[in-house]
>>> print(open('target-v9.txt').read())   # compact mmCIF, C-alpha atoms
# COMPACT_ATOMS: atom_id res chain seq x y z
CA MET A 204 -20.24 119.68 22.54
CA PHE A 205 -16.85 118.91 23.92
CA SER A 206 -14.55 116.24 22.57
CA PHE A 207 -11.98 114.74 24.87
CA PHE A 208 -8.95 112.96 23.52
CA LYS A 209 -6.96 110.60 25.64
CA PRO A 210 -3.24 111.37 25.39
CA LYS A 211 -1.32 108.57 23.75
CA GLN A 212 0.30 106.36 26.37
CA ARG A 213 4.07 106.18 26.20
CA GLU A 214 5.21 102.72 25.21
CA GLU A 215 7.24 101.12 27.94
CA MET A 216 10.78 100.12 27.06
CA TRP A 217 13.13 97.38 28.21
CA LEU A 218 16.78 98.11 28.92
CA ILE A 219 19.15 95.22 28.23
CA VAL A 220 22.69 95.85 29.44
CA GLY A 221 25.85 93.92 28.70
CA LEU A 222 28.80 94.44 31.04
CA GLY A 223 32.42 94.60 29.94
CA ASN A 224 35.39 96.89 29.47
CA PRO A 225 35.72 99.16 26.41
CA GLY A 226 38.61 98.87 23.97
CA ASP A 227 39.99 96.29 21.55
CA LYS A 228 42.45 94.83 24.05
CA TYR A 229 39.56 93.68 26.28
CA ALA A 230 37.20 92.54 23.51
CA GLY A 231 37.81 88.79 23.88
CA ASN A 232 38.15 88.77 27.68
CA ARG A 233 36.01 86.54 29.91
CA HIS A 234 34.95 89.72 31.71
CA ASN A 235 33.40 90.94 28.43
CA ILE A 236 30.93 88.14 27.82
CA GLY A 237 28.13 90.62 28.60
CA PHE A 238 29.25 92.86 25.71
CA MET A 239 29.45 89.79 23.46
CA VAL A 240 25.88 88.67 24.07
CA VAL A 241 24.44 92.19 23.64
CA ASP A 242 26.29 92.48 20.32
CA ARG A 243 24.77 89.15 19.31
CA ILE A 244 21.25 90.24 20.34
CA ALA A 245 21.64 93.40 18.22
CA GLU A 246 22.83 91.38 15.23
CA ASP A 247 20.17 88.66 15.53
CA ASN A 248 17.31 91.15 15.80
CA GLY A 249 18.40 93.59 13.09
CA PHE A 250 19.14 96.55 15.34
CA SER A 251 20.97 99.50 13.80
CA GLY A 252 24.57 100.27 14.71
CA PHE A 253 25.49 101.36 18.23
CA LYS A 254 25.69 105.10 18.94
CA ASP A 255 27.47 106.99 21.71
CA LYS A 256 25.34 108.34 24.56
CA PHE A 257 24.79 107.89 28.29
CA GLN A 258 28.53 107.21 28.78
CA GLY A 259 27.95 104.10 26.75
CA GLN A 260 27.08 102.67 23.36
CA TYR A 261 23.40 102.08 22.70
CA THR A 262 20.94 101.03 20.03
CA GLU A 263 17.16 100.62 19.95
CA GLY A 264 14.84 98.17 18.25
CA ARG A 265 12.09 95.64 18.86
CA ILE A 266 12.16 92.09 20.17
CA GLY A 267 8.99 90.01 20.35
CA GLY A 268 6.91 93.12 19.72
CA GLN A 269 8.48 94.98 22.65
CA LYS A 270 10.57 98.13 22.47
CA VAL A 271 14.12 97.41 23.63
CA MET A 272 17.25 99.46 24.22
CA LEU A 273 20.60 97.68 24.24
CA LEU A 274 23.41 99.31 26.20
CA LYS A 275 27.15 98.68 26.59
CA PRO A 276 28.56 101.02 29.28
CA GLN A 277 31.90 102.52 28.24
CA THR A 278 32.96 103.62 31.73
CA TYR A 279 34.94 100.45 32.54
CA MET A 280 33.31 97.75 34.60
CA ASN A 281 33.53 99.30 38.08
CA GLU A 282 31.50 102.39 37.06
CA SER A 283 28.91 100.67 34.84
CA GLY A 284 26.08 102.07 36.93
CA GLN A 285 26.77 105.62 35.75
CA SER A 286 25.78 104.67 32.21
CA VAL A 287 22.87 102.41 33.22
CA GLY A 288 21.49 105.02 35.61
CA LYS A 289 21.55 107.78 32.99
CA ALA A 290 19.83 105.65 30.33
CA ALA A 291 17.17 104.38 32.75
CA LYS A 292 16.44 107.89 34.00
CA PHE A 293 16.26 109.42 30.52
CA TYR A 294 13.77 106.82 29.26
CA LYS A 295 12.00 106.42 32.62
CA ILE A 296 12.73 102.70 32.65
CA PRO A 297 11.94 101.10 36.04
CA PRO A 298 14.46 98.65 37.55
CA GLU A 299 12.10 95.71 36.96
CA ARG A 300 12.48 96.30 33.20
CA VAL A 301 16.29 96.27 33.33
CA ILE A 302 18.15 93.07 32.40
CA VAL A 303 21.92 92.80 32.88
CA PHE A 304 24.10 90.15 31.24
CA HIS A 305 27.38 89.65 33.10
CA ASP A 306 30.18 87.20 33.76
CA GLU A 307 29.90 84.96 36.84
CA LEU A 308 32.92 83.38 38.52
CA ASP A 309 30.81 81.11 40.73
CA LEU A 310 29.24 79.20 37.83
CA ASP A 311 30.87 76.60 35.59
CA PRO A 312 31.88 77.96 32.18
CA PHE A 313 28.89 78.72 29.94
CA LYS A 314 26.25 77.79 32.52
CA LEU A 315 23.52 80.43 32.77
CA ARG A 316 21.36 81.35 35.74
CA LEU A 317 18.72 84.03 36.23
CA LYS A 318 18.61 86.11 39.38
CA LYS A 319 16.54 89.08 40.48
CA GLY A 320 17.65 91.24 43.36
CA GLY A 321 20.01 90.16 46.09
CA GLY A 322 23.68 90.90 46.52
CA ALA A 323 26.35 91.51 43.90
CA ALA A 324 28.61 88.66 45.07
CA GLY A 325 31.69 90.85 44.70
CA HIS A 326 30.91 91.86 41.11
CA ASN A 327 31.84 95.55 40.93
CA GLY A 328 29.75 96.22 37.83
CA LEU A 329 26.62 94.99 39.60
CA LYS A 330 27.48 96.95 42.75
CA SER A 331 27.71 100.12 40.68
CA ILE A 332 24.38 99.47 38.92
CA LYS A 333 22.67 98.78 42.24
CA ALA A 334 24.02 102.06 43.63
CA HIS A 335 22.87 104.15 40.65
CA LEU A 336 19.45 102.54 40.27
CA GLY A 337 18.96 102.75 44.03
CA THR A 338 17.78 99.15 44.26
CA PRO A 339 19.02 95.61 43.57
CA ASP A 340 15.67 94.68 41.99
CA PHE A 341 16.79 94.26 38.40
CA MET A 342 17.18 91.01 36.47
CA ARG A 343 20.64 89.51 36.04
CA VAL A 344 21.62 86.84 33.55
CA ARG A 345 24.65 85.26 35.20
CA MET A 346 26.93 83.80 32.54
CA GLY A 347 29.40 81.33 34.00
CA ILE A 348 33.10 81.69 33.26
CA GLY A 349 34.43 79.38 36.00
CA HIS A 350 36.87 80.24 38.78
CA PRO A 351 40.67 80.05 38.54
CA GLY A 352 40.83 78.50 42.02
CA ALA A 353 42.66 81.16 44.00
CA LYS A 354 41.64 84.72 44.87
CA GLU A 355 44.90 86.24 43.63
CA LYS A 356 44.35 84.69 40.21
CA VAL A 357 40.90 86.18 39.67
CA SER A 358 41.92 89.52 38.14
CA PRO A 359 44.30 88.14 35.49
CA TYR A 360 41.83 85.33 34.79
CA VAL A 361 38.79 87.52 34.08
CA LEU A 362 40.94 89.86 32.00
CA SER A 363 42.25 87.01 29.83
CA ASP A 364 40.65 85.81 26.62
CA PHE A 365 38.59 82.66 26.30
CA ALA A 366 40.83 79.78 25.23
CA LYS A 367 40.72 78.50 21.64
CA ALA A 368 39.30 75.22 22.91
CA GLU A 369 36.36 77.15 24.42
CA GLN A 370 35.40 79.05 21.28
CA ASP A 371 32.84 76.57 19.93
CA THR A 372 31.07 76.34 23.29
CA LEU A 373 31.20 80.12 23.70
CA GLU A 374 29.57 80.50 20.29
CA ARG A 375 26.72 78.15 21.23
CA CYS A 376 26.27 79.95 24.54
CA LEU A 377 26.03 83.37 22.88
CA ASP A 378 23.69 82.01 20.23
CA GLY A 379 21.29 80.51 22.78
CA ALA A 380 21.43 83.49 25.15
CA SER A 381 20.53 85.81 22.26
CA ARG A 382 18.05 83.67 20.33
CA TYR A 383 15.50 83.36 23.14
CA THR A 384 15.60 86.94 24.44
CA ASP A 385 11.91 87.33 23.58
CA LEU A 386 11.09 84.76 26.27
CA LEU A 387 13.15 86.69 28.81
CA ILE A 388 11.32 89.98 28.27
CA SER A 389 7.91 88.30 28.15
CA GLY A 390 8.41 87.02 31.70
CA SER A 391 9.04 83.40 30.70
CA GLY A 392 12.37 83.09 32.50
CA ASP A 393 12.05 79.34 33.09
CA ASP A 394 11.35 78.72 29.39
CA TYR A 395 14.31 80.92 28.50
CA MET A 396 16.62 78.89 30.70
CA THR A 397 15.31 75.60 29.31
CA ARG A 398 15.77 76.67 25.69
CA VAL A 399 19.27 78.02 26.27
CA SER A 400 20.25 74.86 28.13
CA GLU A 401 18.95 72.69 25.28
CA SER A 402 20.88 74.75 22.72
CA MET A 403 24.12 74.01 24.59
CA LYS A 404 23.79 70.22 24.23
>>> encode(input="target-v9.txt", output="structure tokens")
Amino acid sequence: MFSFFKPKQREEMWLIVGLGNPGDKYAGNRHNIGFMVVDRIAEDNGFSGFKDKFQGQYTEGRIGGQKVMLLKPQTYMNESGQSVGKAAKFYKIPPERVIVFHDELDLDPFKLRLKKGGGAAGHNGLKSIKAHLGTPDFMRVRMGIGHPGAKEKVSPYVLSDFAKAEQDTLERCLDGASRYTDLLISGSGDDYMTRVSESMK
């Protein structure tokens, strides 16, 4: 009599990426809001400390019963895809299970929007991720930082810190964006947006 055992299925993982630039001098920059929210998600969900791998800093844990990897690429913004591509390949994470938090010039400060696929709208970090994943079909959480008004002002603006007057609103934005991550990975994007919006009032 033969006994057949089904091999244990590998549990699928989510990859949540925050975009920013490494180093203390960039830590409070508008461009680093992606790093900020991923740090908050790790803290709120009891993840262990970040470790160095995949040209980035990463940690693993569970959110809403799902296995999640958090990643902060350390390649500087323009080459973020190198880190994301390596992590996704190593864990065999498909693009549809990748979520990227990033700053968005074309949204008012602290307004959030979800987007899947499409163009990068000039965001070099997204361009790099698209190139290394081979597709634009990953989820983006666009976190508004506002626009300085003139093209030549964009670089110094995104690389400047949030103003003191913005700190309370920034804190509420990070709190909401992190608190409802379980809705995001369960496919309830509309509910996620509603909850985050309500938390900002």
>>> residues_around(input="target-v9.txt", residues="Gln269 in chain A", least_positions_apart="4", cutoff="10 Å", atoms="only C-alpha atoms", output="list of chain:residue names")
A:Glu214, A:Glu215, A:Met216, A:Trp217, A:Gly264, A:Arg265, A:Asp385, A:Ile388, A:Ser389
>>> closest_residue(input="target-v9.txt", among="A:Asn224, A:Ser331, A:Ser363, A:Gln258", to="Phe238 in chain A", atoms="only C-alpha atoms")
A:Asn224
>>> closest_residue(input="target-v9.txt", among="A:Gly390, A:Gly237, A:Gly284, A:Gly231", to="Gly347 in chain A", atoms="all atoms listed in the file")
A:Gly237
>>> closest_residue(input="target-v9.txt", among="A:Leu308, A:Ala291, A:Gly267, A:Leu377", to="Tyr360 in chain A", atoms="all atoms listed in the file")
A:Leu308
>>> residues_around(input="target-v9.txt", residues="Glu263 in chain A", least_positions_apart="6", cutoff="12 Å", atoms="all atoms listed in the file", output="count of residues only")
24
>>> closest_residue(input="target-v9.txt", among="A:Lys292, A:His305, A:Lys333, A:Arg382", to="Ile266 in chain A", atoms="all atoms listed in the file")
A:Arg382
>>> atom_distance(input="target-v9.txt", atom1="CA of Phe304 in chain A", atom2="CA of Lys228 in chain A")
20.3 Å
>>> closest_residue(input="target-v9.txt", among="A:Asp255, A:Lys354, A:Lys275, A:Met346", to="Val399 in chain A", atoms="only C-alpha atoms")
A:Met346
>>> axis_aligned_box(input="target-v9.txt", around="range 273-290 of chain A", padding_each_side="5 Å", output="lines of an AutoDock Vina configuration file")
center_x = 27.4
center_y = 102.7
center_z = 31.2
size_x = 25.1
size_y = 20.1
size_z = 23.8
>>> closest_residue(input="target-v9.txt", among="A:Leu310, A:Leu222, A:Arg316, A:Lys289", to="Gln277 in chain A", atoms="all atoms listed in the file")
A:Leu222
>>> residues_around(input="target-v9.txt", residues="Ile332 in chain A", least_positions_apart="5", cutoff="12 Å", atoms="all atoms listed in the file", output="ChimeraX atom specification")
/A:220-222,276,278,280-291,298,301-303,305,320,322-323,326-327,337-343
>>> write_last_selection(input="target-v9.txt", atoms="C-alpha atoms", output="tab-separated table (two decimals), in the coordinates of the input")
chain	number	residue	atom	x	y	z
A	220	VAL	CA	22.69	95.85	29.44
A	221	GLY	CA	25.85	93.92	28.70
A	222	LEU	CA	28.80	94.44	31.04
A	276	PRO	CA	28.56	101.02	29.28
A	278	THR	CA	32.96	103.62	31.73
A	280	MET	CA	33.31	97.75	34.60
A	281	ASN	CA	33.53	99.30	38.08
A	282	GLU	CA	31.50	102.39	37.06
A	283	SER	CA	28.91	100.67	34.84
A	284	GLY	CA	26.08	102.07	36.93
A	285	GLN	CA	26.77	105.62	35.75
A	286	SER	CA	25.78	104.67	32.21
A	287	VAL	CA	22.87	102.41	33.22
A	288	GLY	CA	21.49	105.02	35.61
A	289	LYS	CA	21.55	107.78	32.99
A	290	ALA	CA	19.83	105.65	30.33
A	291	ALA	CA	17.17	104.38	32.75
A	298	PRO	CA	14.46	98.65	37.55
A	301	VAL	CA	16.29	96.27	33.33
A	302	ILE	CA	18.15	93.07	32.40
A	303	VAL	CA	21.92	92.80	32.88
A	305	HIS	CA	27.38	89.65	33.10
A	320	GLY	CA	17.65	91.24	43.36
A	322	GLY	CA	23.68	90.90	46.52
A	323	ALA	CA	26.35	91.51	43.90
A	326	HIS	CA	30.91	91.86	41.11
A	327	ASN	CA	31.84	95.55	40.93
A	337	GLY	CA	18.96	102.75	44.03
A	338	THR	CA	17.78	99.15	44.26
A	339	PRO	CA	19.02	95.61	43.57
A	340	ASP	CA	15.67	94.68	41.99
A	341	PHE	CA	16.79	94.26	38.40
A	342	MET	CA	17.18	91.01	36.47
A	343	ARG	CA	20.64	89.51	36.04
>>> atom_distance(input="target-v9.txt", atom1="CA of Leu373 in chain A", atom2="CA of Gly259 in chain A")
24.4 Å
>>> atom_distance(input="target-v9.txt", atom1="CA of Phe313 in chain A", atom2="CA of His335 in chain A")
28.2 Å
>>> decode(input="target-v9.txt", residues="range 255-337 of chain A", atoms="C-alpha atoms", output="PDB file, in the first residue's frame")
ATOM      1  CA  ASP A 255      20.674  44.513   5.470  1.00  0.00           C
ATOM      2  CA  LYS A 256      20.034  42.470   2.321  1.00  0.00           C
ATOM      3  CA  PHE A 257      18.908  42.903  -1.289  1.00  0.00           C
ATOM      4  CA  GLN A 258      20.711  46.286  -1.456  1.00  0.00           C
ATOM      5  CA  GLY A 259      18.193  47.442   1.089  1.00  0.00           C
ATOM      6  CA  GLN A 260      16.938  47.129   4.640  1.00  0.00           C
ATOM      7  CA  TYR A 261      14.225  44.554   5.217  1.00  0.00           C
ATOM      8  CA  THR A 262      12.164  42.889   7.920  1.00  0.00           C
ATOM      9  CA  GLU A 263       9.461  40.214   7.894  1.00  0.00           C
ATOM     10  CA  GLY A 264       6.312  39.669   9.908  1.00  0.00           C
ATOM     11  CA  ARG A 265       2.563  39.209   9.648  1.00  0.00           C
ATOM     12  CA  ILE A 266      -0.254  41.661   9.025  1.00  0.00           C
ATOM     13  CA  GLY A 267      -3.876  40.521   9.085  1.00  0.00           C
ATOM     14  CA  GLY A 268      -2.749  36.897   9.025  1.00  0.00           C
ATOM     15  CA  GLN A 269      -0.662  37.416   5.881  1.00  0.00           C
ATOM     16  CA  LYS A 270       3.095  37.056   5.565  1.00  0.00           C
ATOM     17  CA  VAL A 271       4.664  40.420   4.735  1.00  0.00           C
ATOM     18  CA  MET A 272       8.150  41.659   3.920  1.00  0.00           C
ATOM     19  CA  LEU A 273       8.910  45.350   4.392  1.00  0.00           C
ATOM     20  CA  LEU A 274      11.718  46.815   2.303  1.00  0.00           C
ATOM     21  CA  LYS A 275      13.560  50.148   2.216  1.00  0.00           C
ATOM     22  CA  PRO A 276      15.933  50.206  -0.797  1.00  0.00           C
ATOM     23  CA  GLN A 277      19.321  51.699   0.107  1.00  0.00           C
ATOM     24  CA  THR A 278      20.431  52.376  -3.474  1.00  0.00           C
ATOM     25  CA  TYR A 279      19.178  55.983  -3.583  1.00  0.00           C
ATOM     26  CA  MET A 280      15.844  56.719  -5.179  1.00  0.00           C
ATOM     27  CA  ASN A 281      16.771  56.462  -8.866  1.00  0.00           C
ATOM     28  CA  GLU A 282      17.957  52.838  -8.546  1.00  0.00           C
ATOM     29  CA  SER A 283      15.258  51.558  -6.166  1.00  0.00           C
ATOM     30  CA  GLY A 284      14.289  48.836  -8.617  1.00  0.00           C
ATOM     31  CA  GLN A 285      17.582  46.990  -8.091  1.00  0.00           C
ATOM     32  CA  SER A 286      16.630  46.263  -4.484  1.00  0.00           C
ATOM     33  CA  VAL A 287      12.940  45.568  -5.190  1.00  0.00           C
ATOM     34  CA  GLY A 288      13.778  43.265  -8.092  1.00  0.00           C
ATOM     35  CA  LYS A 289      16.232  41.202  -6.027  1.00  0.00           C
ATOM     36  CA  ALA A 290      13.817  40.783  -3.108  1.00  0.00           C
ATOM     37  CA  ALA A 291      10.877  39.883  -5.368  1.00  0.00           C
ATOM     38  CA  LYS A 292      12.960  37.350  -7.290  1.00  0.00           C
ATOM     39  CA  PHE A 293      14.410  35.730  -4.163  1.00  0.00           C
ATOM     40  CA  TYR A 294      10.988  35.216  -2.564  1.00  0.00           C
ATOM     41  CA  LYS A 295       9.176  34.615  -5.876  1.00  0.00           C
ATOM     42  CA  ILE A 296       6.786  37.479  -5.170  1.00  0.00           C
ATOM     43  CA  PRO A 297       4.683  38.383  -8.234  1.00  0.00           C
ATOM     44  CA  PRO A 298       4.230  42.079  -9.137  1.00  0.00           C
ATOM     45  CA  GLU A 299       0.555  41.982  -8.125  1.00  0.00           C
ATOM     46  CA  ARG A 300       1.677  41.321  -4.531  1.00  0.00           C
ATOM     47  CA  VAL A 301       4.060  44.300  -4.473  1.00  0.00           C
ATOM     48  CA  ILE A 302       2.897  47.574  -2.872  1.00  0.00           C
ATOM     49  CA  VAL A 303       5.029  50.713  -3.110  1.00  0.00           C
ATOM     50  CA  PHE A 304       4.580  53.782  -0.898  1.00  0.00           C
ATOM     51  CA  HIS A 305       6.060  56.906  -2.481  1.00  0.00           C
ATOM     52  CA  ASP A 306       5.890  60.687  -2.532  1.00  0.00           C
ATOM     53  CA  GLU A 307       3.654  62.324  -5.147  1.00  0.00           C
ATOM     54  CA  LEU A 308       4.168  65.888  -6.364  1.00  0.00           C
ATOM     55  CA  ASP A 309       0.843  66.008  -8.205  1.00  0.00           C
ATOM     56  CA  LEU A 310      -1.281  65.522  -5.074  1.00  0.00           C
ATOM     57  CA  ASP A 311      -1.981  68.041  -2.321  1.00  0.00           C
ATOM     58  CA  PRO A 312       0.085  67.449   0.820  1.00  0.00           C
ATOM     59  CA  PHE A 313      -0.971  64.326   2.735  1.00  0.00           C
ATOM     60  CA  LYS A 314      -3.654  63.268   0.255  1.00  0.00           C
ATOM     61  CA  LEU A 315      -3.396  59.573  -0.613  1.00  0.00           C
ATOM     62  CA  ARG A 316      -4.410  57.795  -3.804  1.00  0.00           C
ATOM     63  CA  LEU A 317      -4.092  54.179  -4.917  1.00  0.00           C
ATOM     64  CA  LYS A 318      -2.929  53.296  -8.396  1.00  0.00           C
ATOM     65  CA  LYS A 319      -2.101  50.038 -10.130  1.00  0.00           C
ATOM     66  CA  GLY A 320      -0.073  50.005 -13.307  1.00  0.00           C
ATOM     67  CA  GLY A 321       0.285  52.923 -15.673  1.00  0.00           C
ATOM     68  CA  GLY A 322       3.132  55.367 -16.059  1.00  0.00           C
ATOM     69  CA  ALA A 323       5.596  56.635 -13.467  1.00  0.00           C
ATOM     70  CA  ALA A 324       4.716  60.326 -13.975  1.00  0.00           C
ATOM     71  CA  GLY A 325       8.388  61.288 -13.879  1.00  0.00           C
ATOM     72  CA  HIS A 326       9.077  59.507 -10.579  1.00  0.00           C
ATOM     73  CA  ASN A 327      12.504  57.919 -11.043  1.00  0.00           C
ATOM     74  CA  GLY A 328      12.050  55.412  -8.233  1.00  0.00           C
ATOM     75  CA  LEU A 329       8.919  54.031  -9.883  1.00  0.00           C
ATOM     76  CA  LYS A 330      10.604  53.976 -13.300  1.00  0.00           C
ATOM     77  CA  SER A 331      13.406  51.874 -11.850  1.00  0.00           C
ATOM     78  CA  ILE A 332      10.999  49.434 -10.161  1.00  0.00           C
ATOM     79  CA  LYS A 333       9.001  49.054 -13.370  1.00  0.00           C
ATOM     80  CA  ALA A 334      12.212  48.291 -15.287  1.00  0.00           C
ATOM     81  CA  HIS A 335      13.420  45.652 -12.810  1.00  0.00           C
ATOM     82  CA  LEU A 336      10.057  43.942 -12.301  1.00  0.00           C
ATOM     83  CA  GLY A 337       9.483  44.017 -16.047  1.00  0.00           C
TER      84      GLY A 337
END
